[in-house]
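J.: CSV, C-alpha atoms, saved as entry.csv, coming up:
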```
chain,number,residue,atom,x,y,z
A,1,MET,CA,95.7,104.5,114.7
A,2,ASP,CA,95.8,107.8,116.6
A,3,ASN,CA,92.7,109.9,117.2
A,4,MET,CA,94.5,112.6,115.2
A,5,TRP,CA,94.5,110.3,112.1
A,6,LYS,CA,90.9,109.3,112.5
A,7,THR,CA,89.9,113.0,112.7
A,8,ALA,CA,92.1,113.9,109.7
A,9,ILE,CA,90.6,111.1,107.6
A,10,LYS,CA,87.0,112.1,108.6
A,11,VAL,CA,87.7,115.7,107.6
A,12,THR,CA,89.9,115.3,104.5
A,13,GLY,CA,89.0,111.9,103.2
A,14,SER,CA,91.4,110.5,100.7
A,15,VAL,CA,94.1,113.1,101.5
A,16,GLY,CA,94.1,112.0,105.1
A,17,VAL,CA,94.5,108.3,104.0
A,18,VAL,CA,97.5,109.2,101.8
A,19,GLY,CA,99.0,111.1,104.8
A,20,LEU,CA,98.5,108.1,107.0
A,21,LEU,CA,100.1,105.8,104.5
A,22,PHE,CA,103.1,108.2,104.1
A,23,SER,CA,103.5,108.3,107.9
A,24,ILE,CA,103.5,104.5,108.2
A,25,VAL,CA,105.9,104.0,105.3
A,26,ILE,CA,108.4,106.5,106.7
A,27,LYS,CA,108.3,104.9,110.1
A,28,LEU,CA,109.0,101.4,108.6
A,29,LEU,CA,111.5,102.6,106.0
A,30,TYR,CA,113.9,104.4,108.4
A,31,GLN,CA,114.4,101.5,110.9
A,32,GLN,CA,118.1,100.7,111.5
A,33,GLU,CA,117.8,97.2,110.1
A,34,ILE,CA,116.4,98.5,106.8
A,35,ILE,CA,119.1,101.2,106.5
A,36,THR,CA,121.8,98.6,107.2
A,37,LEU,CA,120.3,96.2,104.6
A,38,PHE,CA,120.2,98.7,101.7
A,39,GLY,CA,123.1,101.0,102.6
A,40,SER,CA,123.0,104.8,102.5
A,41,ASP,CA,123.2,105.2,98.7
A,42,ARG,CA,120.3,103.0,98.0
A,43,MET,CA,118.3,104.5,100.9
A,44,PHE,CA,118.7,107.9,99.3
A,45,TYR,CA,117.2,106.6,96.0
A,46,ILE,CA,114.5,104.8,97.7
A,47,SER,CA,113.6,107.9,99.7
A,48,ILE,CA,113.4,110.0,96.6
A,49,LEU,CA,111.3,107.4,94.9
A,50,ILE,CA,108.8,107.1,97.8
A,51,ILE,CA,108.6,110.9,98.1
A,52,CYS,CA,107.7,111.1,94.4
A,53,ILE,CA,105.1,108.4,94.6
A,54,ILE,CA,103.5,109.9,97.7
A,55,GLY,CA,103.6,113.3,96.1
A,56,ILE,CA,101.8,112.0,93.1
A,57,ALA,CA,99.3,110.2,95.3
A,58,PHE,CA,98.7,113.5,97.2
A,59,ILE,CA,98.0,115.4,93.9
A,60,PHE,CA,95.5,112.7,92.8
A,61,ALA,CA,93.8,112.7,96.2
A,62,ILE,CA,93.5,116.5,96.2
A,63,LEU,CA,92.2,116.6,92.6
A,64,ASN,CA,89.7,113.8,93.4
A,65,LYS,CA,88.5,115.6,96.5
A,66,ASN,CA,87.8,118.8,94.7
A,67,LYS,CA,85.6,117.3,92.0
A,68,PRO,CA,82.0,118.5,92.2
A,69,LYS,CA,79.6,115.7,92.7
A,70,ASP,CA,76.5,115.5,90.6
A,71,ARG,CA,73.7,115.9,93.0
A,72,SER,CA,70.9,116.6,90.6
A,73,SER,CA,67.8,115.2,92.3
A,74,THR,CA,64.4,115.0,90.9
A,75,VAL,CA,61.2,114.7,93.0
A,76,VAL,CA,58.1,113.4,91.3
A,77,TYR,CA,54.8,114.4,92.9
A,78,LYS,CA,51.4,112.6,92.7
A,79,ASP,CA,50.2,114.8,89.9
A,80,ASN,CA,53.3,114.0,87.8
A,81,ALA,CA,54.9,117.5,88.4
A,82,LYS,CA,58.6,117.2,88.5
A,83,HIS,CA,60.7,119.3,90.9
A,84,GLN,CA,64.3,119.9,89.8
A,85,GLY,CA,65.5,121.2,93.2
A,86,ASP,CA,65.4,124.9,92.1
A,87,ASN,CA,61.6,125.5,92.8
A,88,ARG,CA,60.8,125.6,89.1
A,89,PHE,CA,58.1,123.1,88.1
```
How does this structure look as structure tokens?
T.:
Amino acid sequence: MDNMWKTAIKVTGSVGVVGLLFSIVIKLLYQQEIITLFGSDRMFYISILIICIIGIAFIFAILNKNKPKDRSSTVVYKDNAKHQGDNRF
């Protein structure tokens, strides 16, 4: 794995993983042996199918990345005062 992919995955998370998978699948799919095995007509349909699947995966990865995480933390002090994170006791 290139350093570029490591950095992309660290920064973007699941979107970077989908991009890496897309890159690997495309490299493997368009080898001469595979094209000869399936023929040009089937390769066209396989390409369209893979692009649709990866596109849907990108959409789900982007939607999953933008979900706000529930970070409501509560601190309980010795005198049982609860702090909700907004300086209101």
J.: So which one's closest to Ser23 of chain A, A:Ile56, A:Thr7, A:Asp79, A:Ile50? Using all atoms listed in the file, please.
T.: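 Result for the nearest residue to Ser23 of chain A: A:Ile50.
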J.: Using atom CA of Val15 of chain A and atom CA of Ala61 of chain A as the two end points, give the distance in Å to one decimal.
T.: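 Pair atom CA of Val15 of chain A / atom CA of Ala61 of chain A returns 5.3 Å.
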J.: Between A:Ile59, A:Leu20, A:Gly13, A:Ile46, which residue has the minimum interatomic distance to Ile34 of chain A, considering all atoms listed in the file?
T.: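 Comparing A:Ile59, A:Leu20, A:Gly13, A:Ile46 against Ile34 of chain A, the winner is A:Ile46.
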J.: Work out how far apart atom CA of Phe60 of chain A and atom CA of Ser47 of chain A are and give it in Å to one decimal.
T.: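 A separation of 20.0 Å between them.
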J.: Measuring between only C-alpha atoms, which one of A:Ile9, A:Met43, A:Ile48, A:Val18 shows the shortest distance to Tyr30 of chain A?
T.: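 Closest candidate: A:Met43.
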J.: Between atom CA of Phe22 of chain A and atom CA of Phe38 of chain A, what distance in Å does the model show, to one decimal?
T.: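 Between these atoms lies a distance of 19.7 Å.
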J.: Tell me, as a list in words, which residues lie within 12 Å of Leu21 of chain A, counting only C-alpha atoms; anything in the same chain fewer than 2 positions away does not count.
T.: Met1, Trp5, Ile9, Ser14, Val15, Gly16, Val17, Val18, Gly19, Ser23, Ile24, Val25, Ile26, Lys27, Leu28, Leu29, Ile50, Ile51, Ile53, Ile54, Gly55, Ala57 and Phe58 of chain A
J.: Keeping only C-alpha atoms, write the selected residues as a PDB file, in the coordinates of the input.
T.:
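Output below, filename part.pdb:
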```pdb
ATOM      1  CA  MET A   1      95.700 104.500 114.700  1.00  0.00           C
ATOM      2  CA  TRP A   5      94.500 110.300 112.100  1.00  0.00           C
ATOM      3  CA  ILE A   9      90.600 111.100 107.600  1.00  0.00           C
ATOM      4  CA  SER A  14      91.400 110.500 100.700  1.00  0.00           C
ATOM      5  CA  VAL A  15      94.100 113.100 101.500  1.00  0.00           C
ATOM      6  CA  GLY A  16      94.100 112.000 105.100  1.00  0.00           C
ATOM      7  CA  VAL A  17      94.500 108.300 104.000  1.00  0.00           C
ATOM      8  CA  VAL A  18      97.500 109.200 101.800  1.00  0.00           C
ATOM      9  CA  GLY A  19      99.000 111.100 104.800  1.00  0.00           C
ATOM     10  CA  SER A  23     103.500 108.300 107.900  1.00  0.00           C
ATOM     11  CA  ILE A  24     103.500 104.500 108.200  1.00  0.00           C
ATOM     12  CA  VAL A  25     105.900 104.000 105.300  1.00  0.00           C
ATOM     13  CA  ILE A  26     108.400 106.500 106.700  1.00  0.00           C
ATOM     14  CA  LYS A  27     108.300 104.900 110.100  1.00  0.00           C
ATOM     15  CA  LEU A  28     109.000 101.400 108.600  1.00  0.00           C
ATOM     16  CA  LEU A  29     111.500 102.600 106.000  1.00  0.00           C
ATOM     17  CA  ILE A  50     108.800 107.100  97.800  1.00  0.00           C
ATOM     18  CA  ILE A  51     108.600 110.900  98.100  1.00  0.00           C
ATOM     19  CA  ILE A  53     105.100 108.400  94.600  1.00  0.00           C
ATOM     20  CA  ILE A  54     103.500 109.900  97.700  1.00  0.00           C
ATOM     21  CA  GLY A  55     103.600 113.300  96.100  1.00  0.00           C
ATOM     22  CA  ALA A  57      99.300 110.200  95.300  1.00  0.00           C
ATOM     23  CA  PHE A  58      98.700 113.500  97.200  1.00  0.00           C
TER      24      PHE A  58
END
```
J.: For segment 46-66 of chain A, supply N, CA and C atoms and format the output as a CSV table (one decimal), in the frame of the given file.
T.:
```csv
chain,number,residue,atom,x,y,z
A,46,ILE,N,115.8,105.3,97.3
A,46,ILE,CA,114.5,104.8,97.7
A,46,ILE,C,113.7,105.9,98.4
A,47,SER,N,114.3,106.7,99.1
A,47,SER,CA,113.6,107.9,99.7
A,47,SER,C,113.1,108.8,98.7
A,48,ILE,N,113.9,109.1,97.7
A,48,ILE,CA,113.4,110.0,96.6
A,48,ILE,C,112.2,109.4,95.8
A,49,LEU,N,112.3,108.1,95.6
A,49,LEU,CA,111.3,107.4,94.9
A,49,LEU,C,110.0,107.4,95.7
A,50,ILE,N,110.0,107.1,97.0
A,50,ILE,CA,108.8,107.1,97.8
A,50,ILE,C,108.2,108.5,97.9
A,51,ILE,N,109.1,109.5,98.0
A,51,ILE,CA,108.6,110.9,98.1
A,51,ILE,C,107.9,111.3,96.8
A,52,CYS,N,108.4,110.9,95.7
A,52,CYS,CA,107.7,111.1,94.4
A,52,CYS,C,106.4,110.4,94.3
A,53,ILE,N,106.4,109.1,94.7
A,53,ILE,CA,105.1,108.4,94.6
A,53,ILE,C,104.1,108.9,95.6
A,54,ILE,N,104.5,109.3,96.8
A,54,ILE,CA,103.5,109.9,97.7
A,54,ILE,C,103.0,111.2,97.3
A,55,GLY,N,104.0,112.0,96.7
A,55,GLY,CA,103.6,113.3,96.1
A,55,GLY,C,102.5,113.2,95.0
A,56,ILE,N,102.7,112.2,94.1
A,56,ILE,CA,101.8,112.0,93.1
A,56,ILE,C,100.4,111.6,93.7
A,57,ALA,N,100.5,110.7,94.7
A,57,ALA,CA,99.3,110.2,95.3
A,57,ALA,C,98.5,111.4,96.0
A,58,PHE,N,99.3,112.3,96.6
A,58,PHE,CA,98.7,113.5,97.2
A,58,PHE,C,98.0,114.4,96.2
A,59,ILE,N,98.6,114.5,95.0
A,59,ILE,CA,98.0,115.4,93.9
A,59,ILE,C,96.7,114.7,93.5
A,60,PHE,N,96.8,113.4,93.2
A,60,PHE,CA,95.5,112.7,92.8
A,60,PHE,C,94.4,112.8,93.8
A,61,ALA,N,94.8,112.7,95.1
A,61,ALA,CA,93.8,112.7,96.2
A,61,ALA,C,93.2,114.1,96.3
A,62,ILE,N,94.0,115.1,96.1
A,62,ILE,CA,93.5,116.5,96.2
A,62,ILE,C,92.6,116.8,95.0
A,63,LEU,N,93.0,116.4,93.8
A,63,LEU,CA,92.2,116.6,92.6
A,63,LEU,C,90.9,115.8,92.7
A,64,ASN,N,90.9,114.6,93.2
A,64,ASN,CA,89.7,113.8,93.4
A,64,ASN,C,88.8,114.4,94.4
A,65,LYS,N,89.3,115.0,95.5
A,65,LYS,CA,88.5,115.6,96.5
A,65,LYS,C,87.8,116.8,96.1
A,66,ASN,N,88.3,117.6,95.1
A,66,ASN,CA,87.8,118.8,94.7
A,66,ASN,C,86.8,118.7,93.5
```
